[in-house]
$ cat target39.pdb   # PDB, C-alpha atoms and all ligand atoms
MODEL        1
ATOM      1  CA  MET I 109     -11.492 -42.778  26.000
ATOM      2  CA  PRO I 110     -10.265 -44.671  29.088
ATOM      3  CA  GLY I 111      -7.229 -46.662  27.769
ATOM      4  CA  ALA I 112      -3.705 -45.486  26.935
ATOM      5  CA  PHE I 113      -2.182 -45.121  23.478
ATOM      6  CA  LEU I 114       1.609 -45.612  23.393
ATOM      7  CA  VAL I 115       3.700 -45.288  20.235
ATOM      8  CA  VAL I 116       7.319 -46.230  19.492
ATOM      9  CA  GLU I 117       8.960 -44.378  16.595
ATOM     10  CA  GLY I 118      12.378 -44.000  15.014
ATOM     11  CA  PRO I 119      14.434 -44.660  11.908
ATOM     12  CA  ASP I 120      15.031 -48.098  10.359
ATOM     13  CA  GLY I 121      16.773 -50.517  12.683
ATOM     14  CA  ALA I 122      16.514 -48.195  15.712
ATOM     15  CA  GLY I 123      15.179 -51.023  17.902
ATOM     16  CA  LYS I 124      11.435 -50.308  17.817
ATOM     17  CA  THR I 125      10.300 -53.923  17.494
ATOM     18  CA  THR I 126      12.706 -55.008  20.245
ATOM     19  CA  LEU I 127      11.423 -52.261  22.568
ATOM     20  CA  VAL I 128       7.729 -52.899  21.804
ATOM     21  CA  LYS I 129       8.113 -56.590  22.798
ATOM     22  CA  ARG I 130       9.863 -55.689  26.043
ATOM     23  CA  LEU I 131       7.378 -52.949  26.987
ATOM     24  CA  ALA I 132       4.430 -55.224  26.201
ATOM     25  CA  ALA I 133       5.868 -57.879  28.542
ATOM     26  CA  ARG I 134       6.348 -55.314  31.330
ATOM     27  CA  LEU I 135       2.844 -53.905  30.906
ATOM     28  CA  ARG I 136       1.323 -57.407  31.035
ATOM     29  CA  GLU I 137       3.383 -58.252  34.134
ATOM     30  CA  ALA I 138       1.842 -55.127  35.693
ATOM     31  CA  GLY I 139      -1.614 -56.645  35.064
ATOM     32  CA  LEU I 140      -2.613 -54.588  32.036
ATOM     33  CA  THR I 141      -4.296 -55.811  28.857
ATOM     34  CA  VAL I 142      -2.120 -54.844  25.905
ATOM     35  CA  THR I 143      -2.973 -54.688  22.214
ATOM     36  CA  GLU I 144       0.213 -54.629  20.109
ATOM     37  CA  VAL I 145       0.039 -53.261  16.590
ATOM     38  CA  ARG I 146       2.497 -52.263  13.885
ATOM     39  CA  GLU I 147       2.176 -49.702  11.143
ATOM     40  CA  PRO I 148       1.575 -50.141   8.330
ATOM     41  CA  GLY I 149      -0.367 -53.309   9.204
ATOM     42  CA  GLY I 150      -2.554 -54.857  11.862
ATOM     43  CA  THR I 151      -5.730 -55.546   9.849
ATOM     44  CA  PRO I 152      -6.129 -57.668   6.682
ATOM     45  CA  LEU I 153      -6.541 -54.508   4.574
ATOM     46  CA  ALA I 154      -3.601 -52.755   6.232
ATOM     47  CA  GLU I 155      -1.370 -55.828   5.764
ATOM     48  CA  MET I 156      -2.268 -55.783   2.049
ATOM     49  CA  ALA I 157      -1.287 -52.117   1.895
ATOM     50  CA  ARG I 158       1.986 -52.963   3.702
ATOM     51  CA  ARG I 159       2.896 -55.640   1.174
ATOM     52  CA  ALA I 160       2.070 -53.288  -1.697
ATOM     53  CA  VAL I 161       4.053 -50.357  -0.333
ATOM     54  CA  LEU I 162       7.173 -52.358   0.588
ATOM     55  CA  ASP I 163       7.337 -54.523  -2.572
ATOM     56  CA  PRO I 164      10.204 -53.195  -4.757
ATOM     57  CA  SER I 165       8.643 -54.719  -7.901
ATOM     58  CA  LEU I 166       5.558 -52.445  -7.576
ATOM     59  CA  GLY I 167       7.615 -49.225  -7.395
ATOM     60  CA  ALA I 168       5.001 -47.115  -5.565
ATOM     61  CA  SER I 169       5.393 -43.371  -6.238
ATOM     62  CA  PRO I 170       5.799 -41.074  -3.189
ATOM     63  CA  LEU I 171       2.093 -40.099  -3.385
ATOM     64  CA  ALA I 172       0.931 -43.700  -3.807
ATOM     65  CA  GLU I 173       3.147 -44.594  -0.832
ATOM     66  CA  LEU I 174       1.486 -41.850   1.256
ATOM     67  CA  PHE I 175      -2.045 -42.944   0.456
ATOM     68  CA  LEU I 176      -1.274 -46.626   1.082
ATOM     69  CA  MET I 177       0.145 -45.674   4.502
ATOM     70  CA  LEU I 178      -2.929 -43.575   5.307
ATOM     71  CA  ALA I 179      -5.401 -46.206   4.083
ATOM     72  CA  ALA I 180      -3.679 -48.719   6.349
ATOM     73  CA  ARG I 181      -3.779 -46.255   9.269
ATOM     74  CA  ALA I 182      -7.455 -45.368   8.823
ATOM     75  CA  ASP I 183      -8.416 -49.051   8.844
ATOM     76  CA  LEU I 184      -6.269 -49.836  11.888
ATOM     77  CA  VAL I 185      -7.517 -46.849  13.905
ATOM     78  CA  THR I 186     -11.169 -47.642  13.217
ATOM     79  CA  LYS I 187     -11.096 -51.413  13.589
ATOM     80  CA  VAL I 188      -8.439 -52.022  16.244
ATOM     81  CA  ILE I 189      -7.048 -48.988  18.080
ATOM     82  CA  ARG I 190     -10.231 -47.078  18.985
ATOM     83  CA  PRO I 191     -12.143 -50.204  20.104
ATOM     84  CA  ALA I 192      -9.187 -51.330  22.274
ATOM     85  CA  LEU I 193      -8.870 -47.874  23.883
ATOM     86  CA  ALA I 194     -12.623 -47.741  24.462
ATOM     87  CA  ALA I 195     -12.331 -51.102  26.275
ATOM     88  CA  GLY I 196      -9.701 -49.574  28.598
ATOM     89  CA  GLN I 197      -6.730 -51.410  27.078
ATOM     90  CA  VAL I 198      -3.198 -50.219  26.503
ATOM     91  CA  VAL I 199      -2.467 -49.964  22.775
ATOM     92  CA  LEU I 200       1.235 -50.219  21.926
ATOM     93  CA  SER I 201       2.014 -49.283  18.334
ATOM     94  CA  ASP I 202       5.239 -49.859  16.394
ATOM     95  CA  ARG I 203       5.130 -46.561  14.401
ATOM     96  CA  PHE I 204       2.213 -44.117  13.871
ATOM     97  CA  GLU I 205       1.783 -40.628  12.389
ATOM     98  CA  LEU I 206       5.275 -39.330  13.215
ATOM     99  CA  SER I 207       6.590 -41.876  10.668
ATOM    100  CA  THR I 208       4.533 -40.108   7.986
ATOM    101  CA  GLU I 209       6.136 -36.805   8.940
ATOM    102  CA  ALA I 210       9.602 -38.369   8.871
ATOM    103  CA  TYR I 211       9.350 -40.545   5.720
ATOM    104  CA  GLN I 212       6.749 -38.876   3.489
ATOM    105  CA  ILE I 213       7.289 -35.186   4.449
ATOM    106  CA  ALA I 214      11.010 -35.045   5.371
ATOM    107  CA  GLY I 215      12.147 -38.115   3.397
ATOM    108  CA  ARG I 216      10.037 -37.936   0.208
ATOM    109  CA  GLU I 217       9.656 -34.146   0.477
ATOM    110  CA  LEU I 218       5.861 -34.149   0.050
ATOM    111  CA  PRO I 219       4.135 -30.861   1.083
ATOM    112  CA  ARG I 220       3.653 -30.632   4.823
ATOM    113  CA  LYS I 221       0.247 -28.998   5.289
ATOM    114  CA  PRO I 222      -1.848 -31.227   2.984
ATOM    115  CA  VAL I 223      -0.095 -34.375   4.228
ATOM    116  CA  LEU I 224      -0.813 -33.470   7.861
ATOM    117  CA  ALA I 225      -4.434 -32.689   6.940
ATOM    118  CA  ALA I 226      -4.815 -36.030   5.123
ATOM    119  CA  ASN I 227      -3.293 -37.785   8.123
ATOM    120  CA  ARG I 228      -5.807 -36.112  10.470
ATOM    121  CA  LEU I 229      -8.587 -37.312   8.194
ATOM    122  CA  ALA I 230      -7.205 -40.866   8.401
ATOM    123  CA  THR I 231      -6.882 -40.852  12.210
ATOM    124  CA  GLY I 232      -9.995 -38.798  13.021
ATOM    125  CA  GLY I 233      -7.636 -36.720  15.191
ATOM    126  CA  LEU I 234      -6.539 -39.610  17.429
ATOM    127  CA  ARG I 235      -3.335 -38.664  19.323
ATOM    128  CA  PRO I 236      -0.917 -40.839  21.294
ATOM    129  CA  ASP I 237      -0.557 -40.349  25.059
ATOM    130  CA  VAL I 238       3.171 -40.884  24.639
ATOM    131  CA  THR I 239       5.399 -41.104  21.568
ATOM    132  CA  LEU I 240       8.767 -42.680  22.379
ATOM    133  CA  VAL I 241      11.253 -41.610  19.706
ATOM    134  CA  LEU I 242      14.368 -43.770  19.365
ATOM    135  CA  ASP I 243      17.122 -41.392  18.238
ATOM    136  CA  LEU I 244      19.806 -43.078  16.152
ATOM    137  CA  PRO I 245      21.939 -41.930  13.203
ATOM    138  CA  ALA I 246      20.706 -43.511   9.953
ATOM    139  CA  ASP I 247      23.959 -45.380   9.274
ATOM    140  CA  VAL I 248      23.910 -47.129  12.680
ATOM    141  CA  GLY I 249      20.325 -48.382  12.145
ATOM    142  CA  LEU I 250      20.994 -49.566   8.601
ATOM    143  CA  GLU I 251      24.141 -51.347   9.820
ATOM    144  CA  ARG I 252      22.114 -53.116  12.551
ATOM    145  CA  LEU I 253      19.640 -54.334   9.923
ATOM    146  CA  ALA I 254      22.499 -55.491   7.671
ATOM    147  CA  VAL I 255      24.067 -57.435  10.544
ATOM    148  CA  SER I 256      20.689 -59.039  11.382
ATOM    149  CA  GLY I 257      20.689 -60.440   7.810
ATOM    150  CA  ARG I 258      17.194 -59.175   6.900
ATOM    151  CA  ALA I 259      16.560 -58.427   3.224
ATOM    152  CA  HIS I 260      15.952 -54.743   2.421
ATOM    153  CA  ASP I 261      12.382 -53.710   1.576
ATOM    154  CA  ARG I 262      11.644 -50.934  -0.959
ATOM    155  CA  ILE I 263      11.954 -48.046   1.528
ATOM    156  CA  GLU I 264      15.026 -49.438   3.313
ATOM    157  CA  GLY I 265      16.664 -49.685  -0.123
ATOM    158  CA  ALA I 266      16.044 -45.981  -0.836
ATOM    159  CA  GLU I 267      18.942 -43.558  -1.273
ATOM    160  CA  ARG I 268      21.094 -42.767   1.727
ATOM    161  CA  ARG I 269      20.160 -39.039   1.738
ATOM    162  CA  LEU I 270      16.513 -39.976   2.347
ATOM    163  CA  HIS I 271      17.483 -41.992   5.418
ATOM    164  CA  ASP I 272      19.531 -39.066   6.757
ATOM    165  CA  ARG I 273      16.549 -36.697   6.348
ATOM    166  CA  VAL I 274      14.305 -39.253   8.075
ATOM    167  CA  ALA I 275      16.668 -39.687  11.059
ATOM    168  CA  ARG I 276      17.028 -35.893  11.412
ATOM    169  CA  ALA I 277      13.235 -35.440  11.341
ATOM    170  CA  PHE I 278      12.810 -37.975  14.141
ATOM    171  CA  ALA I 279      15.555 -36.311  16.199
ATOM    172  CA  ALA I 280      13.857 -32.897  15.748
ATOM    173  CA  ALA I 281      10.352 -34.129  16.628
ATOM    174  CA  GLU I 282       8.655 -32.221  19.405
ATOM    175  CA  GLY I 283       5.215 -32.074  20.991
ATOM    176  CA  PRO I 284       3.417 -32.691  24.268
ATOM    177  CA  SER I 285       3.527 -36.501  23.914
ATOM    178  CA  VAL I 286       7.093 -36.808  22.558
ATOM    179  CA  VAL I 287       9.853 -38.390  24.681
ATOM    180  CA  HIS I 288      13.285 -38.818  23.072
ATOM    181  CA  LEU I 289      15.362 -41.895  23.953
ATOM    182  CA  ASP I 290      19.047 -42.435  23.167
ATOM    183  CA  ALA I 291      18.905 -45.565  20.989
ATOM    184  CA  THR I 292      22.706 -45.870  20.805
ATOM    185  CA  ARG I 293      22.551 -47.295  24.348
ATOM    186  CA  SER I 294      22.093 -50.993  25.236
ATOM    187  CA  VAL I 295      18.724 -52.722  24.764
ATOM    188  CA  GLU I 296      18.316 -52.823  28.556
ATOM    189  CA  ALA I 297      19.156 -49.124  29.022
ATOM    190  CA  VAL I 298      16.710 -48.087  26.281
ATOM    191  CA  GLU I 299      14.007 -50.258  27.867
ATOM    192  CA  GLN I 300      14.544 -48.641  31.274
ATOM    193  CA  GLN I 301      14.330 -45.080  29.857
ATOM    194  CA  ALA I 302      11.170 -46.071  27.998
ATOM    195  CA  TRP I 303       9.574 -47.746  31.005
ATOM    196  CA  ASP I 304      10.136 -44.641  33.152
ATOM    197  CA  ALA I 305       8.139 -42.592  30.628
ATOM    198  CA  VAL I 306       5.441 -45.223  30.033
ATOM    199  CA  ARG I 307       4.858 -45.902  33.699
ATOM    200  CA  ARG I 308       3.944 -42.277  34.323
ATOM    201  CA  VAL I 309       1.269 -42.532  31.625
ATOM    202  CA  VAL I 310      -0.259 -45.907  32.555
ATOM    203  CA  LYS I 311       0.081 -45.620  36.342
ATOM    204  CA  GLU I 312      -3.597 -45.111  36.978
ATOM    205  CA  LEU I 313      -4.511 -48.164  34.917
ATOM    206  CA  ILE I 314      -2.261 -50.533  36.901
ATOM    207  CA  PRO I 315      -4.340 -52.646  39.334
ATOM    208  CA  GLY I 316      -3.586 -51.710  42.961
ATOM    209  CA  GLU I 317      -1.582 -48.539  42.154
ATOM    210  CA  PRO I 318      -2.641 -45.305  43.903
ATOM    211  CA  GLY I 319      -2.210 -43.575  40.532
ATOM    212  CA  LEU I 320      -1.779 -40.160  39.056
ATOM    213  CA  LYS I 321      -4.502 -38.431  37.117
ATOM    214  CA  HIS I 322      -4.879 -40.500  33.929
ATOM    215  CA  PRO I 323      -4.907 -38.619  30.579
ATOM    216  CA  SER I 324      -8.401 -39.985  29.926
ATOM    217  CA  GLY I 325     -10.075 -38.257  26.998
ATOM    218  CA  THR I 326      -6.851 -36.728  25.665
ATOM    219  CA  HIS I 327      -6.606 -39.014  22.644
ATOM    220  CA  GLY I 328      -8.715 -36.518  20.773
ATOM    221  CA  GLY I 329     -10.825 -36.622  17.649
ATOM    222  CA  THR I 330     -13.857 -38.598  16.695
ATOM    223  CA  ALA I 331     -14.415 -42.269  16.017
TER     224      ALA I 331
HETATM  225  N1  LIG I 401       6.632 -46.072   6.902
HETATM  226  C1  LIG I 401       6.438 -44.876   6.219
HETATM  227  O1  LIG I 401       7.160 -44.578   5.270
HETATM  228  N2  LIG I 401       5.439 -44.043   6.602
HETATM  229  C2  LIG I 401       4.593 -44.336   7.626
HETATM  230  O2  LIG I 401       3.689 -43.542   7.933
HETATM  231  C3  LIG I 401       4.797 -45.587   8.316
HETATM  232  C4  LIG I 401       5.824 -46.415   7.933
HETATM  233  C5  LIG I 401       3.904 -45.954   9.449
HETATM  234  C6  LIG I 401       7.966 -50.378   7.518
HETATM  235  O3  LIG I 401       8.338 -50.133   8.826
HETATM  236  C7  LIG I 401       8.323 -49.216   6.648
HETATM  237  O4  LIG I 401       7.225 -48.317   6.531
HETATM  238  C8  LIG I 401       9.461 -48.400   7.160
HETATM  239  C9  LIG I 401       8.924 -46.984   7.328
HETATM  240  C10 LIG I 401       7.705 -46.977   6.472
HETATM  241  N3  LIG I 401      10.391 -48.372   6.120
HETATM  242  N4  LIG I 401      11.504 -48.559   6.081
HETATM  243  N5  LIG I 401      12.523 -48.670   5.764
HETATM  244  P1  LIG I 401       8.958 -51.247   9.775
HETATM  245  O5  LIG I 401       8.817 -50.664  11.123
HETATM  246  O6  LIG I 401       8.357 -52.554   9.546
HETATM  247  O7  LIG I 401      10.483 -51.341   9.285
HETATM  248  P2  LIG I 401      11.755 -50.800   9.999
HETATM  249  O8  LIG I 401      11.742 -49.465  10.528
HETATM  250  O9  LIG I 401      12.797 -51.031   8.982
HETATM  251  O10 LIG I 401      11.791 -51.613  11.319
HETATM  252  P3  LIG I 401      12.697 -52.776  11.653
HETATM  253  O11 LIG I 401      13.562 -53.188  10.556
HETATM  254  O12 LIG I 401      11.818 -53.865  12.167
HETATM  255  O13 LIG I 401      13.646 -52.127  12.728
HETATM  256  P4  LIG I 401      13.342 -51.817  14.263
HETATM  257  O14 LIG I 401      12.048 -52.427  14.650
HETATM  258  O15 LIG I 401      13.528 -50.410  14.562
HETATM  259  O16 LIG I 401      14.529 -52.554  14.981
HETATM  260  P5  LIG I 401      14.590 -54.037  15.616
HETATM  261  O17 LIG I 401      14.054 -55.064  14.651
HETATM  262  O18 LIG I 401      14.057 -54.017  16.983
HETATM  263  O19 LIG I 401      16.158 -54.183  15.739
HETATM  264  C11 LIG I 401      16.993 -54.224  14.598
HETATM  265  C12 LIG I 401      18.308 -54.957  14.978
HETATM  266  O20 LIG I 401      19.008 -54.173  15.951
HETATM  267  C13 LIG I 401      18.060 -56.328  15.642
HETATM  268  O21 LIG I 401      19.080 -57.192  15.253
HETATM  269  C14 LIG I 401      18.142 -56.011  17.140
HETATM  270  O22 LIG I 401      18.562 -57.121  17.886
HETATM  271  C15 LIG I 401      19.181 -54.895  17.158
HETATM  272  N6  LIG I 401      18.989 -53.943  18.258
HETATM  273  C16 LIG I 401      17.811 -53.476  18.770
HETATM  274  N7  LIG I 401      18.041 -52.603  19.769
HETATM  275  C17 LIG I 401      19.394 -52.492  19.888
HETATM  276  C18 LIG I 401      20.253 -51.736  20.764
HETATM  277  N8  LIG I 401      19.768 -50.889  21.696
HETATM  278  N9  LIG I 401      21.579 -51.869  20.593
HETATM  279  C19 LIG I 401      22.095 -52.699  19.649
HETATM  280  N10 LIG I 401      21.341 -53.471  18.800
HETATM  281  C20 LIG I 401      20.003 -53.348  18.928
ENDMDL
END
$ encode --input "target39.pdb" --output "structure tokens" --more "lines below"
Ligand code: Z5A
Amino acid sequence: MPGAFLVVEGPDGAGKTTLVKRLAARLREAGLTVTEVREPGGTPLAEMARRAVLDPSLGASPLAELFLMLAARADLVTKVIRPALAAGQVVLSDRFELSTEAYQIAGRELPRKPVLAANRLATGGLRPDVTLVLDLPADVGLERLAVSGRAHDRIEGAERRLHDRVARAFAAAEGPSVVHLDATRSVEAVEQQAWDAVRRVVKELIPGEPGLKHPSGTHGGTA
């Protein structure tokens, strides 16, 4: 597939949404066509799943939460992400499968192997070209959200120990696409670290750039 699939991950309040907006602006300035998505969400069905999973009055169980996340992901991958990549676009996603590892496996303590297998089924094996992980202690992220005045959703309102397990899982994440960023730094410093990593991946797609070899075809899996 000729496009590039970029993912921003991290615990609550780590600055993902802020970074996605800034990276999208930089990519567009560089002449690239960018599709921005967030997980869970990004299609009518996935937005329904998002409302259901985050609504405290519905009290989704850990397994129901998992399957709502994966239903949302399957719909988004099929209807938005794969078509955009096939059209040569840059897809920039606020969260993807690493969030399932952090929240449902580390946080909710669901069994690792079947959850990873179910996730692969949902994505058809699609893999990001780069996964930017914003490393931040749970208490700093939750404090940022409190200061911003946003009401807590069902998962943000979960017990503190869950958030610590989630933040530790993100900090321990490893893999060929994973790049860790120090999210305790300023918005501008985080953006610069992120851009250095992203630029290497999208270089060949930028009009007029001599370019490195693009990771075309490395997204993996089937449509
Ligand atoms: N979830 C899951 O369980 N399993 C899954 O597979 C998936 C998701 C995909 C929805 O995610 C929930 O779904 C989430 C995980 C779960 N649950 N929770 N809790 P979400 O992404 O919509 O919710 P979120 O993680 O809570 O994101 P957020 O609240 O939008 O936070 P953020 O995007 O990381 O941060 P932000 O909005 O960019 O910034 C927060 C504040 O910090 C804001 O005031 C900024 O101005 C400020 N900020 C940002 N960067 C900085 C820096 N560098 N320094 C200082 N202040 C900063």
$ resolve_selection --input "target39.pdb" --expression "the PyMOL selection byres (((chain I and resi 181-187) around 12) and not hetatm)" --output "ChimeraX atom specification"
/I:113,143-158,174-180,188-194,199,201,203-205,207-208,226-236,327,329-331
$ closest_residue --input "target39.pdb" --among "I:Ala246, I:Leu218, I:Ala281, I:Leu162" --to "ligand LIG 401 (chain I)" --atoms "only C-alpha atoms and all ligand atoms"
I:Leu162
$ resolve_selection --input "target39.pdb" --expression "the PyMOL selection byres (((chain I and resi 124) around 10) and not hetatm)" --output "compact mmCIF listing (two decimals) with C-alpha atoms, keeping the file's coordinate frame"
# COMPACT_ATOMS: atom_id res chain seq x y z
CA VAL I 115 3.70 -45.29 20.24
CA VAL I 116 7.32 -46.23 19.49
CA GLU I 117 8.96 -44.38 16.60
CA GLY I 118 12.38 -44.00 15.01
CA PRO I 119 14.43 -44.66 11.91
CA ASP I 120 15.03 -48.10 10.36
CA GLY I 121 16.77 -50.52 12.68
CA ALA I 122 16.51 -48.20 15.71
CA GLY I 123 15.18 -51.02 17.90
CA THR I 125 10.30 -53.92 17.49
CA THR I 126 12.71 -55.01 20.24
CA LEU I 127 11.42 -52.26 22.57
CA VAL I 128 7.73 -52.90 21.80
CA LYS I 129 8.11 -56.59 22.80
CA ARG I 130 9.86 -55.69 26.04
CA ARG I 146 2.50 -52.26 13.88
CA SER I 201 2.01 -49.28 18.33
CA ASP I 202 5.24 -49.86 16.39
CA ARG I 203 5.13 -46.56 14.40
CA LEU I 240 8.77 -42.68 22.38
CA VAL I 241 11.25 -41.61 19.71
CA LEU I 242 14.37 -43.77 19.36
CA ALA I 291 18.90 -45.56 20.99
$ atom_distance --input "target39.pdb" --atom1 "CA of Pro315 (chain I)" --atom2 "CA of Ser285 (chain I)"
23.7 Å
$ closest_residue --input "target39.pdb" --among "I:Asp237, I:Asp304, I:Asp261, I:Asp243" --to "Ser165 (chain I)" --atoms "only C-alpha atoms"
I:Asp261
$ closest_atom_pairs --input "target39.pdb" --of "region 164-265 of chain I" --to "region 269-280 of chain I" --cutoff "9 Å" --atoms "only C-alpha atoms" --output "CSV"
residue,atom,partner,partner_atom,distance
I:Leu206,CA,I:Phe278,CA,7.7
I:Ser207,CA,I:Phe278,CA,8.1
I:Glu209,CA,I:Ala277,CA,7.6
I:Ala210,CA,I:Val274,CA,4.9
I:Tyr211,CA,I:Val274,CA,5.6
I:Gln212,CA,I:Val274,CA,8.8
I:Ile213,CA,I:Val274,CA,8.9
I:Ala214,CA,I:Arg273,CA,5.9
I:Gly215,CA,I:Leu270,CA,4.9
I:Arg216,CA,I:Leu270,CA,7.1
I:Val241,CA,I:Phe278,CA,6.8
I:Leu242,CA,I:Phe278,CA,8.0
I:Asp243,CA,I:Ala279,CA,5.7
I:Leu244,CA,I:Ala275,CA,6.9
I:Pro245,CA,I:Ala275,CA,6.1
I:Ala246,CA,I:Asp272,CA,5.6
I:Asp247,CA,I:Asp272,CA,8.1
I:Leu250,CA,I:His271,CA,8.9
I:Glu264,CA,I:His271,CA,8.1
$ resolve_selection --input "target39.pdb" --expression "the PyMOL selection byres (((chain I and resi 300) around 12) and not hetatm)" --output "PyMOL selection string"
chain I and resi 127+130-131+134+289-291+293-299+301-307
$ atom_distance --input "target39.pdb" --atom1 "atom N1 of ligand LIG 401 (chain I)" --atom2 "CA of Glu282 (chain I)"
18.8 Å
$ atom_distance --input "target39.pdb" --atom1 "CA of Pro284 (chain I)" --atom2 "CA of Ala112 (chain I)"
14.9 Å
$ closest_residue --input "target39.pdb" --among "I:Leu135, I:Val255, I:Ala172, I:Leu224" --to "ligand LIG 401 (chain I)" --atoms "only C-alpha atoms and all ligand atoms"
I:Val255
$ closest_residue --input "target39.pdb" --among "I:Lys221, I:Arg262, I:Arg308, I:Arg252" --to "Val287 (chain I)" --atoms "all atoms listed in the file"
I:Arg308
